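Participant: Handing over input-v7.cif, mmCIF, C-alpha atoms.
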data_model
loop_
_atom_site.label_atom_id
_atom_site.label_comp_id
_atom_site.auth_asym_id
_atom_site.auth_seq_id
_atom_site.Cartn_x
_atom_site.Cartn_y
_atom_site.Cartn_z
CA MET A 476 -47.81 49.86 74.37
CA ALA A 477 -49.63 46.89 75.97
CA GLY A 478 -46.67 44.71 75.03
CA ALA A 479 -47.69 41.58 76.88
CA LYS A 480 -50.77 41.27 74.67
CA LEU A 481 -48.54 40.52 71.70
CA LEU A 482 -47.36 37.28 73.25
CA LYS A 483 -50.84 35.83 72.83
CA HIS A 484 -51.19 36.99 69.22
CA PHE A 485 -48.14 35.93 67.25
CA ASP A 486 -48.47 36.13 63.49
CA SER A 487 -48.16 32.87 61.59
CA PRO A 488 -44.92 31.85 59.85
CA PRO A 489 -43.27 33.02 57.67
CA THR A 490 -44.73 36.46 58.48
CA ASN A 491 -42.77 38.56 60.96
CA VAL A 492 -44.07 37.64 64.38
CA ALA A 493 -45.12 41.18 65.38
CA GLN A 494 -46.50 42.39 62.05
CA THR A 495 -50.15 42.65 63.15
CA TYR A 496 -49.05 44.42 66.33
CA ILE A 497 -47.04 46.90 64.25
CA ASP A 498 -49.93 47.43 61.84
CA GLN A 499 -52.36 48.13 64.69
CA TYR A 500 -50.13 50.58 66.52
CA ARG A 501 -48.94 52.31 63.36
CA SER A 502 -52.58 52.77 62.34
CA ALA A 503 -53.42 54.16 65.79
CA TRP A 504 -50.48 56.58 65.52
CA THR A 505 -51.17 57.80 61.99
CA SER A 506 -54.99 57.61 61.91
CA SER A 507 -55.87 58.70 65.46
CA ILE A 508 -53.05 60.28 67.44
CA ILE A 509 -51.59 62.49 64.71
CA PRO A 510 -55.04 63.86 63.71
CA TYR A 511 -55.72 64.49 67.42
CA LEU A 512 -52.48 66.49 67.67
CA SER A 513 -53.43 68.36 64.48
CA PHE A 514 -56.75 69.68 65.78
CA PRO A 515 -57.56 72.56 65.54
CA GLY A 516 -54.48 73.51 63.54
CA PRO A 517 -53.66 72.52 59.95
CA SER A 518 -50.80 70.17 60.80
CA ALA A 519 -49.74 67.87 63.59
CA ASP A 520 -47.63 69.20 66.43
CA PHE A 521 -45.24 66.26 66.36
CA PRO A 522 -43.66 65.60 69.75
CA ASP A 523 -39.92 66.17 70.02
CA ILE A 524 -39.70 63.03 72.11
CA ILE A 525 -42.00 60.07 72.81
CA LEU A 526 -41.62 58.03 76.01
CA LEU A 527 -43.20 54.57 75.98
CA GLN A 528 -43.72 51.75 78.45
CA GLU A 529 -44.59 48.05 78.05
CA CYS A 530 -42.81 47.76 74.71
CA ILE A 531 -41.89 44.34 73.35
CA GLY A 532 -39.05 42.90 71.31
CA PHE A 533 -37.39 39.60 70.39
CA VAL A 534 -33.83 38.35 69.94
CA ASP A 535 -33.27 35.21 67.88
CA THR A 536 -30.29 33.53 69.56
CA ARG A 537 -29.96 30.71 66.99
CA PRO A 538 -26.76 30.57 64.88
CA THR A 539 -28.83 31.34 61.79
CA PRO A 540 -31.72 33.70 62.73
CA SER A 541 -34.84 33.24 60.66
CA GLY A 542 -35.60 36.97 60.36
CA ARG A 543 -39.11 36.34 61.69
CA TRP A 544 -38.44 37.71 65.20
CA GLN A 545 -38.20 41.50 65.29
CA SER A 546 -36.18 43.40 67.86
CA GLY A 547 -37.75 46.04 70.08
CA LYS A 548 -36.01 48.78 68.12
CA GLU A 549 -37.25 47.39 64.80
CA ILE A 550 -40.82 47.23 66.07
CA LEU A 551 -40.77 50.83 67.33
CA GLN A 552 -39.01 52.06 64.20
CA SER A 553 -41.76 50.48 62.07
CA ILE A 554 -44.52 52.17 64.08
CA PHE A 555 -43.11 55.66 64.59
CA THR A 556 -41.73 56.49 61.16
CA GLY A 557 -39.67 59.68 61.06
CA TYR A 558 -38.27 59.05 64.55
CA GLU A 559 -35.04 57.51 65.78
CA CYS A 560 -36.20 54.81 68.20
CA PHE A 561 -34.47 53.14 71.14
CA PHE A 562 -35.54 50.08 73.13
CA PHE A 563 -34.48 49.23 76.70
CA PRO A 564 -35.53 45.76 77.92
CA ALA A 565 -36.36 45.47 81.62
CA PHE A 566 -36.80 41.70 81.69
CA SER A 567 -36.80 38.80 79.25
CA SER A 568 -37.59 35.12 78.86
CA GLN A 569 -33.92 34.11 78.97
CA LYS A 570 -32.66 36.52 81.62
CA ASN A 571 -35.70 36.31 83.94
CA HIS A 572 -36.95 32.88 82.94
CA ASN A 573 -39.45 32.15 85.71
CA PRO A 574 -41.88 29.54 84.30
CA ALA A 575 -44.92 31.34 85.77
CA LYS A 576 -44.40 34.09 83.18
CA TRP A 577 -43.15 32.29 80.10
CA ASN A 578 -44.39 28.67 80.01
CA LYS A 579 -47.90 29.74 79.00
CA PHE A 580 -46.45 31.07 75.74
CA ARG A 581 -44.50 27.94 74.86
CA ILE A 582 -45.42 24.76 73.00
CA GLY A 583 -48.09 22.64 74.65
CA SER A 584 -49.77 25.62 76.30
CA GLY A 585 -52.46 26.23 73.69
CA ILE A 586 -50.52 28.86 71.76
CA GLN A 587 -50.71 28.11 68.05
CA TYR A 588 -47.53 29.97 67.13
CA PHE A 589 -45.52 29.46 70.28
CA LEU A 590 -42.35 31.00 71.71
CA PRO A 591 -39.34 28.76 71.01
CA ASP A 592 -36.70 28.34 73.69
CA GLU A 593 -34.09 29.96 71.43
CA ILE A 594 -36.06 33.22 71.22
CA ASP A 595 -35.49 35.79 73.94
CA ALA A 596 -38.79 37.65 74.40
CA GLN A 597 -38.18 41.05 75.97
CA GLN A 598 -40.39 43.70 77.58
CA GLY A 599 -39.26 47.19 78.47
CA TYR A 600 -39.22 50.85 77.59
CA GLY A 601 -39.09 52.85 74.37
CA VAL A 602 -37.74 56.30 73.55
CA CYS A 603 -38.43 57.89 70.16
CA VAL A 604 -36.66 61.13 69.21
CA ARG A 605 -37.69 63.26 66.24
CA ASP A 606 -34.27 64.90 65.80
CA PRO A 607 -31.56 62.51 67.01
CA ASN A 608 -28.96 65.27 66.54
CA GLN A 609 -30.40 66.81 69.70
CA LEU A 610 -29.23 63.82 71.74
CA LYS A 611 -26.12 64.62 73.78
CA ARG A 612 -23.78 62.82 76.12
CA ILE A 613 -24.83 62.37 79.74
CA TRP A 614 -21.18 62.35 80.82
CA ILE A 615 -18.04 63.80 79.22
CA ASP A 616 -14.38 62.88 79.66
CA ASP A 617 -12.81 66.30 80.15
CA LYS A 618 -12.09 67.38 83.73
CA SER A 619 -10.82 70.78 82.59
CA ILE A 620 -14.21 72.10 81.47
CA THR A 621 -15.10 75.44 83.02
CA GLU A 622 -18.22 77.58 82.94
CA ASN A 623 -16.79 79.46 79.96
CA THR A 624 -16.08 76.35 77.91
CA PRO A 625 -18.28 76.26 74.79
CA SER A 626 -21.05 73.74 75.34
CA MET A 627 -20.53 72.31 71.85
CA ILE A 628 -17.79 70.20 73.41
CA ASP A 629 -20.45 67.51 73.99
CA ASN A 630 -19.64 66.10 70.55
CA SER A 631 -22.83 65.71 68.53
CA SER A 632 -21.25 62.86 66.55
CA SER A 633 -21.00 60.67 69.66
CA PRO A 634 -22.79 57.32 69.60
CA TYR A 635 -26.38 57.65 70.76
CA GLY A 636 -25.69 55.14 73.51
CA PHE A 637 -23.81 57.82 75.43
CA SER A 638 -27.07 59.76 75.64
CA PHE A 639 -28.88 57.14 77.75
CA GLU A 640 -28.47 55.27 80.99
CA ALA A 641 -30.81 52.49 82.17
CA ILE A 642 -30.95 52.61 85.97
CA ASN A 643 -32.31 49.69 88.00
CA LEU A 644 -34.98 50.59 90.52
CA THR A 645 -35.60 47.03 91.72
CA THR A 646 -33.03 44.32 92.31
CA GLY A 647 -35.11 41.54 93.90
CA MET A 648 -35.79 38.12 92.40
CA TYR A 649 -38.35 38.00 89.59
CA LEU A 650 -41.07 35.48 90.49
CA GLY A 651 -42.91 35.68 87.20
CA ASN A 652 -45.64 38.03 88.40
CA ARG A 653 -46.41 41.73 88.21
CA ASP A 654 -45.52 42.33 91.87
CA THR A 655 -41.86 41.42 91.27
CA GLU A 656 -41.46 42.74 87.72
CA PRO A 657 -38.09 44.53 87.31
CA ARG A 658 -38.42 48.31 86.92
CA LEU A 659 -36.03 50.76 85.31
CA ALA A 660 -35.58 54.50 85.06
CA ILE A 661 -34.37 55.38 81.56
CA LEU A 662 -32.30 58.57 81.74
CA GLY A 663 -31.66 60.46 78.51
CA ARG A 664 -30.29 63.85 77.49
CA MET A 665 -30.90 66.27 74.63
CA LYS A 666 -30.00 69.87 73.82
CA LEU A 667 -32.58 72.53 73.02
CA SER A 668 -31.66 75.72 71.17
CA ALA A 669 -33.53 78.97 70.50
CA GLY A 670 -31.61 81.88 69.02
CA ASN A 671 -28.47 82.39 71.08
CA ASP A 672 -29.88 80.49 74.05
CA GLU A 673 -29.39 76.80 74.60
CA ARG A 674 -30.10 74.41 77.44
CA TYR A 675 -30.13 70.72 78.17
CA CYS A 676 -33.22 68.65 78.77
CA ASN A 677 -32.69 65.55 80.89
CA PHE A 678 -35.62 63.16 80.69
CA ILE A 679 -36.53 60.08 82.72
CA ASN A 680 -38.90 57.44 81.37
CA LEU A 681 -40.40 55.26 84.08
CA HIS A 682 -43.02 52.62 84.83
CA LEU A 683 -43.42 52.20 88.56
CA THR A 684 -44.57 49.09 90.41
CA THR A 685 -48.21 48.21 90.94
CA LEU A 686 -49.31 45.22 93.02
CA GLN A 687 -52.01 42.68 92.34
CA GLY A 688 -55.16 43.84 94.13
CA GLU A 689 -54.27 47.51 94.46
CA ARG A 690 -57.17 49.98 94.40
CA GLU A 691 -59.55 47.08 95.05
CA GLY A 692 -60.39 47.73 98.68
CA ASN A 693 -57.39 46.21 100.48
CA PRO A 694 -55.66 48.95 102.56
CA LYS A 695 -52.62 46.77 103.28
CA ILE A 696 -51.87 46.13 99.59
CA ASN A 697 -52.47 49.80 98.78
CA ARG A 698 -50.03 50.89 101.50
CA ILE A 699 -47.29 48.45 100.46
CA GLY A 700 -47.60 49.40 96.79
CA SER A 701 -47.40 53.08 97.68
CA GLU A 702 -44.31 52.52 99.83
CA ILE A 703 -42.53 50.69 97.00
CA ARG A 704 -43.27 53.45 94.50
CA LEU A 705 -42.23 56.12 96.98
CA GLN A 706 -38.92 54.31 97.42
CA HIS A 707 -38.44 54.24 93.65
CA LEU A 708 -39.19 57.95 93.33
CA LYS A 709 -36.76 58.80 96.12
CA VAL A 710 -34.07 57.03 94.10
CA ILE A 711 -35.06 59.11 91.07
CA VAL A 712 -35.22 62.43 92.93
CA GLU A 713 -32.25 61.96 95.27
CA ASN A 714 -29.91 59.52 93.54
CA ILE A 715 -30.44 60.57 89.92
CA ILE A 716 -31.70 64.15 89.66
CA SER A 717 -30.10 65.58 92.80
CA ALA A 718 -26.89 63.60 92.29
CA TYR A 719 -26.55 64.86 88.72
CA GLN A 720 -27.31 68.44 89.76
CA GLU A 721 -24.59 68.22 92.42
CA SER A 722 -21.92 66.61 90.24
CA THR A 723 -18.99 68.77 89.17
CA LEU A 724 -16.85 66.29 87.22
CA TYR A 725 -17.61 64.62 83.90
CA ARG A 726 -20.52 66.87 83.00
CA ILE A 727 -20.84 70.31 81.42
CA PRO A 728 -21.58 72.94 84.07
CA ARG A 729 -25.24 73.77 84.40
CA LYS A 730 -24.69 77.34 83.21
CA THR A 731 -22.51 78.93 80.55
CA LEU A 732 -22.66 82.36 78.94
CA ASN A 733 -25.51 81.45 76.59
CA ARG A 734 -26.99 78.51 78.47
CA LYS A 735 -29.55 78.31 81.23
CA ASP A 736 -30.02 75.60 83.86
CA ASP A 737 -30.96 72.10 82.77
CA ILE A 738 -34.60 71.10 82.41
CA TRP A 739 -35.78 67.79 83.88
CA ILE A 740 -38.71 65.78 82.54
CA VAL A 741 -40.02 62.83 84.57
CA ALA A 742 -42.76 60.97 82.73
CA GLY A 743 -44.53 57.67 82.36
CA ASP A 744 -46.83 55.32 84.22
CA PHE A 745 -46.45 56.22 87.90
CA ASN A 746 -49.26 53.84 88.96
CA ALA A 747 -50.01 56.45 91.64
CA THR A 748 -52.99 58.77 92.02
CA PRO A 749 -52.66 62.59 92.30
CA GLU A 750 -53.37 62.66 96.05
CA SER A 751 -50.76 59.97 96.83
CA ASN A 752 -47.53 60.40 98.80
CA GLU A 753 -45.66 59.59 95.61
CA LEU A 754 -47.05 62.56 93.69
CA ASP A 755 -46.65 64.78 96.74
CA LEU A 756 -42.91 64.04 96.64
CA ILE A 757 -42.75 65.04 92.95
CA ARG A 758 -44.59 68.32 93.60
CA LYS A 759 -42.38 69.13 96.60
CA SER A 760 -39.33 68.42 94.43
CA ASP A 761 -40.26 71.47 92.30
CA PHE A 762 -41.97 69.74 89.37
CA ILE A 763 -45.14 70.86 87.65
CA ASP A 764 -47.76 68.71 85.93
CA GLY A 765 -47.67 69.07 82.14
CA ASN A 766 -51.30 67.96 81.79
CA PRO A 767 -53.31 69.94 84.35
CA ASP A 768 -56.58 69.09 82.57
CA LYS A 769 -57.15 65.37 83.10
CA ARG A 770 -60.59 65.14 81.45
CA MET A 771 -60.24 62.19 79.10
CA ILE A 772 -61.10 62.42 75.41
CA ASP A 773 -62.61 59.16 74.19
CA GLN A 774 -63.82 58.83 70.60
CA SER A 775 -66.40 56.24 71.60
CA GLY A 776 -67.96 58.68 74.06
CA ARG A 777 -67.92 56.13 76.87
CA PHE A 778 -65.45 58.02 79.06
CA GLN A 779 -65.88 61.48 77.53
CA ASN A 780 -64.76 64.21 79.98
CA GLN A 781 -64.26 61.78 82.88
CA ILE A 782 -61.13 62.47 84.92
CA GLY A 783 -58.53 59.79 84.24
CA THR A 784 -55.63 58.39 82.22
CA LYS A 785 -56.24 54.65 82.72
CA ILE A 786 -59.31 52.47 82.26
CA SER A 787 -60.12 48.84 83.04
CA LEU A 788 -60.46 46.59 80.01
CA ARG A 789 -62.11 43.91 82.16
CA ASP A 790 -64.55 45.88 84.36
CA LYS A 791 -66.42 48.21 82.04
CA SER A 792 -68.38 49.70 84.93
CA SER A 793 -65.33 51.06 86.75
CA PRO A 794 -64.43 54.73 86.22
CA PRO A 795 -61.01 55.78 84.89
CA VAL A 796 -58.21 56.72 87.28
CA VAL A 797 -55.24 59.10 86.96
CA VAL A 798 -51.88 57.28 87.15
CA ASP A 799 -49.90 58.68 84.18
CA TYR A 800 -48.03 61.99 84.19
CA ILE A 801 -45.51 64.18 82.40
CA HIS A 802 -43.74 66.42 84.93
CA CYS A 803 -41.30 69.25 84.23
CA GLY A 804 -38.82 70.90 86.61
CA LEU A 805 -36.90 72.13 88.39
CA GLN A 806 -39.20 75.12 88.53
CA GLY A 807 -37.34 77.18 91.11
CA ALA A 808 -33.89 76.71 89.55
CA SER A 809 -34.45 76.28 85.83
CA PHE A 810 -37.09 78.82 84.87
CA ASN A 811 -37.78 82.52 84.99
CA THR A 812 -40.24 84.13 87.38
CA GLY A 813 -43.14 83.30 85.07
CA GLY A 814 -42.41 79.60 85.41
CA VAL A 815 -43.51 77.12 82.78
CA GLY A 816 -46.56 77.41 80.54
CA THR A 817 -48.66 74.38 79.61
CA SER A 818 -51.43 76.05 77.61
CA ASN A 819 -50.63 73.97 74.51
CA SER A 820 -50.72 70.64 76.32
CA ARG A 821 -53.54 68.24 75.52
CA ARG A 822 -56.05 66.27 77.52
CA PRO A 823 -55.57 62.48 77.93
CA PHE A 824 -56.57 60.77 74.68
CA LEU A 825 -57.86 57.20 74.78
CA VAL A 826 -56.63 55.79 71.49
CA PRO A 827 -59.06 53.57 69.55
CA PHE A 828 -57.91 50.31 67.94
CA THR A 829 -59.65 48.41 65.16
CA ASP A 830 -58.55 45.09 66.69
CA PRO A 831 -59.53 44.87 70.39
CA ASN A 832 -56.76 42.31 70.96
CA PHE A 833 -54.29 45.19 70.90
CA ALA A 834 -56.30 47.80 72.78
CA THR A 835 -54.44 49.70 75.48
CA ASP A 836 -55.88 50.61 78.87
CA HIS A 837 -53.82 53.82 79.10
CA ALA A 838 -54.56 57.13 77.43
CA ALA A 839 -51.89 58.94 75.45
CA LEU A 840 -50.58 62.12 77.09
CA PHE A 841 -49.16 65.07 75.17
CA ALA A 842 -47.48 67.86 77.16
CA CYS A 843 -46.09 71.06 75.67
CA PHE A 844 -43.85 73.06 78.00
CA GLU A 845 -43.39 76.75 77.18
CA ILE A 846 -40.18 77.73 78.93
#
Could you take the file, read its structure, and then write that structure out as structure tokens?

Facilitator:
Amino acid sequence: MAGAKLLKHFDSPPTNVAQTYIDQYRSAWTSSIIPYLSFPGPSADFPDIILLQECIGFVDTRPTPSGRWQSGKEILQSIFTGYECFFFPAFSSQKNHNPAKWNKFRIGSGIQYFLPDEIDAQQGYGVCVRDPNQLKRIWIDDKSITENTPSMIDNSSSPYGFSFEAINLTTGMYLGNRDTEPRLAILGRMKLSAGNDERYCNFINLHLTTLQGEREGNPKINRIGSEIRLQHLKVIVENIISAYQESTLYRIPRKTLNRKDDIWIVAGDFNATPESNELDLIRKSDFIDGNPDKRMIDQSGRFQNQIGTKISLRDKSSPPVVVDYIHCGLQGASFNTGGVGTSNSRRPFLVPFTDPNFATDHAALFACFEI
């Protein structure tokens, strides 16, 4: 969602600070992405769930908030109408207040509509769910559950907060730069039903580290960045997915009479290329790529059919690279012999914006898993 760009383009008072940002992204969603998902059919194939990175939000900490500063949830809710939206901040101007990050947005730094000290500017992750009734608890409080216990025990009226857990992947000190930016894995859970069959889908939204100077000819930086991401993914595979699969208390058993094994979706900006050690770990962990065709669709024609999901907004001569993925698993445990179909997935779509100030350097990915 190119959130950091908003901090340079506040709207003037008394307008809501993120109104132009909302207008641009809502237009991109309704005028470009939905028509793309509609082609060649008559209506859009709306995603059940949207996972977003680099989202932005604000909290007005003054005793009497002005109403001008919109929260991350409000911003997402205004863009993706028809969805229930959730915002998970990874870092903020008051919690991670290193001056190298925030001073350039404050008074005296050339910003016309600056960031007051009382406003907590936040950047993080977004999750948008089309049917919030599908959201279910990650954990339950009944130790007596057996394999024959009806799975409806995971009370659908529970607060949505029980359906998510924000897991820290980095715990070092934030130094105000991209290299030390805090990273999270947002774990969520929903139930899918078809006829008499039902199963749970556990999804993880992530945005892994990338270092300044990576993929620019410095082997040392490339190696260190890869090692950090590999460490993050080991936490995800071993300490989230494997740990949850192994747990026997406080969760509904993986199988009941009418329910198959859980599905796992791991998606987002991996900042890692397909041939990397990081992606090798995901493949060896029994996940499949939901977008096997990585030929980019670009309405301007500049990158048409080039392999990639990310472009450079600064160096127009550089080719796109593949760093974004939607992976589904666990193939050996969760699916029948035929595995998972992805024939209805789409190619990476580079979304056009009418205002280049809000352009994103990442393509939108749409994966459809036929299970």

Participant: Region 726-763 of chain A near region 783-805 of chain A within 6 Å: what's each residue's closest atom pair and its distance in Å to one decimal, counting only C-alpha atoms, ordered by chain then ascending residue number, as CSV?

Facilitator:
residue,atom,partner,partner_atom,distance
A:Ile738,CA,A:Gly804,CA,6.0
A:Trp739,CA,A:Gly804,CA,5.1
A:Ile740,CA,A:Cys803,CA,4.6
A:Val741,CA,A:His802,CA,5.2
A:Ala742,CA,A:Ile801,CA,4.2
A:Gly743,CA,A:Asp799,CA,5.8
A:Asp744,CA,A:Asp799,CA,4.6
A:Phe745,CA,A:Val798,CA,5.6
A:Asn746,CA,A:Val798,CA,4.7
A:Ala747,CA,A:Val798,CA,4.9
A:Thr748,CA,A:Val798,CA,5.2
A:Asp761,CA,A:Leu805,CA,5.2
A:Phe762,CA,A:Gly804,CA,4.3
A:Ile763,CA,A:Cys803,CA,5.4

Participant: Which residues come within 7 Å of Arg770 (chain A), counting only C-alpha atoms, excluding same-chain residues fewer than 4 positions away, as a list in words?

Facilitator: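 Once the adjacent positions are removed, what remains is Asn780, Gln781, Ile782, Gly783, Arg822 and Pro823 of chain A.
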
Participant: For those residues, write C-alpha atoms to a file as a PDB file, in the frame of the given file.

Facilitator:
ATOM      1  CA  ASN A 780     -64.760  64.210  79.980  1.00  0.00           C
ATOM      2  CA  GLN A 781     -64.260  61.780  82.880  1.00  0.00           C
ATOM      3  CA  ILE A 782     -61.130  62.470  84.920  1.00  0.00           C
ATOM      4  CA  GLY A 783     -58.530  59.790  84.240  1.00  0.00           C
ATOM      5  CA  ARG A 822     -56.050  66.270  77.520  1.00  0.00           C
ATOM      6  CA  PRO A 823     -55.570  62.480  77.930  1.00  0.00           C
TER       7      PRO A 823
END

Participant: May I ask which of the residues A:Gln597, A:Phe521, A:Thr684, A:Ser507 is the closest one to Leu481 (chain A), counting all atoms listed in the file?

Facilitator: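 Using all atoms listed in the file, the shortest distance to Leu481 (chain A) belongs to A:Gln597.
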
Participant: Residues near Phe563 (chain A), anyone? I mean within 8 Å using all atoms listed in the file, not counting same-chain ones fewer than 4 positions away, as a ChimeraX atom specification.

Facilitator: /A:599-601,641,661

Participant: Please indicate the distance in Å from CA of Leu825 (chain A) to CA of Phe778 (chain A), rounded to one decimal place.

Facilitator: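 Computed distance, CA of Leu825 (chain A) to CA of Phe778 (chain A), equals 8.8 Å.
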
Participant: Suppose a student applies the PyMOL selection byres ((chain A and resi 511) around 12) to this structure; what residues should they get, written as an MDAnalysis selection string?

Facilitator: chainID A and resid 503:510 512:521 772:774 820:827 839:841

Participant: How about saving the chosen residues, C-alpha atoms kept, as a PDB file, in the coordinates of the input?

Facilitator:
ATOM      1  CA  ALA A 503     -53.420  54.160  65.790  1.00  0.00           C
ATOM      2  CA  TRP A 504     -50.480  56.580  65.520  1.00  0.00           C
ATOM      3  CA  THR A 505     -51.170  57.800  61.990  1.00  0.00           C
ATOM      4  CA  SER A 506     -54.990  57.610  61.910  1.00  0.00           C
ATOM      5  CA  SER A 507     -55.870  58.700  65.460  1.00  0.00           C
ATOM      6  CA  ILE A 508     -53.050  60.280  67.440  1.00  0.00           C
ATOM      7  CA  ILE A 509     -51.590  62.490  64.710  1.00  0.00           C
ATOM      8  CA  PRO A 510     -55.040  63.860  63.710  1.00  0.00           C
ATOM      9  CA  LEU A 512     -52.480  66.490  67.670  1.00  0.00           C
ATOM     10  CA  SER A 513     -53.430  68.360  64.480  1.00  0.00           C
ATOM     11  CA  PHE A 514     -56.750  69.680  65.780  1.00  0.00           C
ATOM     12  CA  PRO A 515     -57.560  72.560  65.540  1.00  0.00           C
ATOM     13  CA  GLY A 516     -54.480  73.510  63.540  1.00  0.00           C
ATOM     14  CA  PRO A 517     -53.660  72.520  59.950  1.00  0.00           C
ATOM     15  CA  SER A 518     -50.800  70.170  60.800  1.00  0.00           C
ATOM     16  CA  ALA A 519     -49.740  67.870  63.590  1.00  0.00           C
ATOM     17  CA  ASP A 520     -47.630  69.200  66.430  1.00  0.00           C
ATOM     18  CA  PHE A 521     -45.240  66.260  66.360  1.00  0.00           C
ATOM     19  CA  ILE A 772     -61.100  62.420  75.410  1.00  0.00           C
ATOM     20  CA  ASP A 773     -62.610  59.160  74.190  1.00  0.00           C
ATOM     21  CA  GLN A 774     -63.820  58.830  70.600  1.00  0.00           C
ATOM     22  CA  SER A 820     -50.720  70.640  76.320  1.00  0.00           C
ATOM     23  CA  ARG A 821     -53.540  68.240  75.520  1.00  0.00           C
ATOM     24  CA  ARG A 822     -56.050  66.270  77.520  1.00  0.00           C
ATOM     25  CA  PRO A 823     -55.570  62.480  77.930  1.00  0.00           C
ATOM     26  CA  PHE A 824     -56.570  60.770  74.680  1.00  0.00           C
ATOM     27  CA  LEU A 825     -57.860  57.200  74.780  1.00  0.00           C
ATOM     28  CA  VAL A 826     -56.630  55.790  71.490  1.00  0.00           C
ATOM     29  CA  PRO A 827     -59.060  53.570  69.550  1.00  0.00           C
ATOM     30  CA  ALA A 839     -51.890  58.940  75.450  1.00  0.00           C
ATOM     31  CA  LEU A 840     -50.580  62.120  77.090  1.00  0.00           C
ATOM     32  CA  PHE A 841     -49.160  65.070  75.170  1.00  0.00           C
TER      33      PHE A 841
END

Participant: Quick one: residues within 9 Å of (-31.5, 54.1, 71.6) (file frame), counting only C-alpha atoms, please, as a compact mmCIF listing (two decimals) with C-alpha atoms, in the coordinates of the input.

Facilitator:
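Written output follows (selection31.txt):
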# COMPACT_ATOMS: atom_id res chain seq x y z
CA LYS A 548 -36.01 48.78 68.12
CA GLU A 559 -35.04 57.51 65.78
CA CYS A 560 -36.20 54.81 68.20
CA PHE A 561 -34.47 53.14 71.14
CA PHE A 562 -35.54 50.08 73.13
CA PHE A 563 -34.48 49.23 76.70
CA GLY A 601 -39.09 52.85 74.37
CA VAL A 602 -37.74 56.30 73.55
CA CYS A 603 -38.43 57.89 70.16
CA TYR A 635 -26.38 57.65 70.76
CA GLY A 636 -25.69 55.14 73.51
CA SER A 638 -27.07 59.76 75.64
CA PHE A 639 -28.88 57.14 77.75

Participant: Taking (-40.8, 36.6, 88.2) in the coordinates of the supplied file, I want to know which residues reach to within 9 Å of it, counting all atoms listed in the file; could you give the answer as a PyMOL selection string?

Facilitator: chain A and resi 571-576+648-657

Participant: With distances taken over only C-alpha atoms, which residue among A:Glu529, A:Asp595, A:Glu673, A:Asp606 lies nearest Trp544 (chain A)?

Facilitator: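 Under the stated criterion, the closest residue is A:Asp595.
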
Participant: Once the PyMOL selection byres ((chain A and resi 712) around 12) has been evaluated on this model, what residues remain selected, and can you format them as a ChimeraX atom specification?

Facilitator: /A:660,679,705-711,713-720,739-741,753-754,756-762,804-805

Participant: Which distance in Å separates CA of Asn671 (chain A) and CA of Asp736 (chain A), to one decimal?

Facilitator: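 Atom-to-atom, CA of Asn671 (chain A) and CA of Asp736 (chain A) are spaced 14.6 Å apart.
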
Participant: CA of His682 (chain A) and CA of Lys570 (chain A), how far apart in Å?

Facilitator: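 Answer for the CA of Lys570 (chain A) to CA of His682 (chain A) separation: 19.4 Å.
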
Participant: Could you write out as a list of chain:residue names the residues that the PyMOL selection byres ((chain A and resi 832) around 10) matches in the shown file?

Facilitator: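 Evaluating the PyMOL selection byres ((chain A and resi 832) around 10) on this file yields A:Ala477, A:Lys480, A:Leu481, A:Lys483, A:His484, A:Tyr496, A:Gln499, A:Phe828, A:Thr829, A:Asp830, A:Pro831, A:Phe833, A:Ala834, A:Thr835.
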
Participant: Write out the residues from the selection above, keeping C-alpha atoms, as a short mmCIF file (atom, residue, chain, number, x, y, z; two decimals), in the coordinates of the input.

Facilitator:
data_model
loop_
_atom_site.label_atom_id
_atom_site.label_comp_id
_atom_site.auth_asym_id
_atom_site.auth_seq_id
_atom_site.Cartn_x
_atom_site.Cartn_y
_atom_site.Cartn_z
CA ALA A 477 -49.63 46.89 75.97
CA LYS A 480 -50.77 41.27 74.67
CA LEU A 481 -48.54 40.52 71.70
CA LYS A 483 -50.84 35.83 72.83
CA HIS A 484 -51.19 36.99 69.22
CA TYR A 496 -49.05 44.42 66.33
CA GLN A 499 -52.36 48.13 64.69
CA PHE A 828 -57.91 50.31 67.94
CA THR A 829 -59.65 48.41 65.16
CA ASP A 830 -58.55 45.09 66.69
CA PRO A 831 -59.53 44.87 70.39
CA PHE A 833 -54.29 45.19 70.90
CA ALA A 834 -56.30 47.80 72.78
CA THR A 835 -54.44 49.70 75.48
#

Participant: Out of A:Arg726, A:Ser751, A:Pro522, A:Gly478, which residue has the shortest atom-to-atom distance to Gly700 (chain A) when counting only C-alpha atoms?

Facilitator: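 Comparing A:Arg726, A:Ser751, A:Pro522, A:Gly478 against Gly700 (chain A), the winner is A:Ser751.
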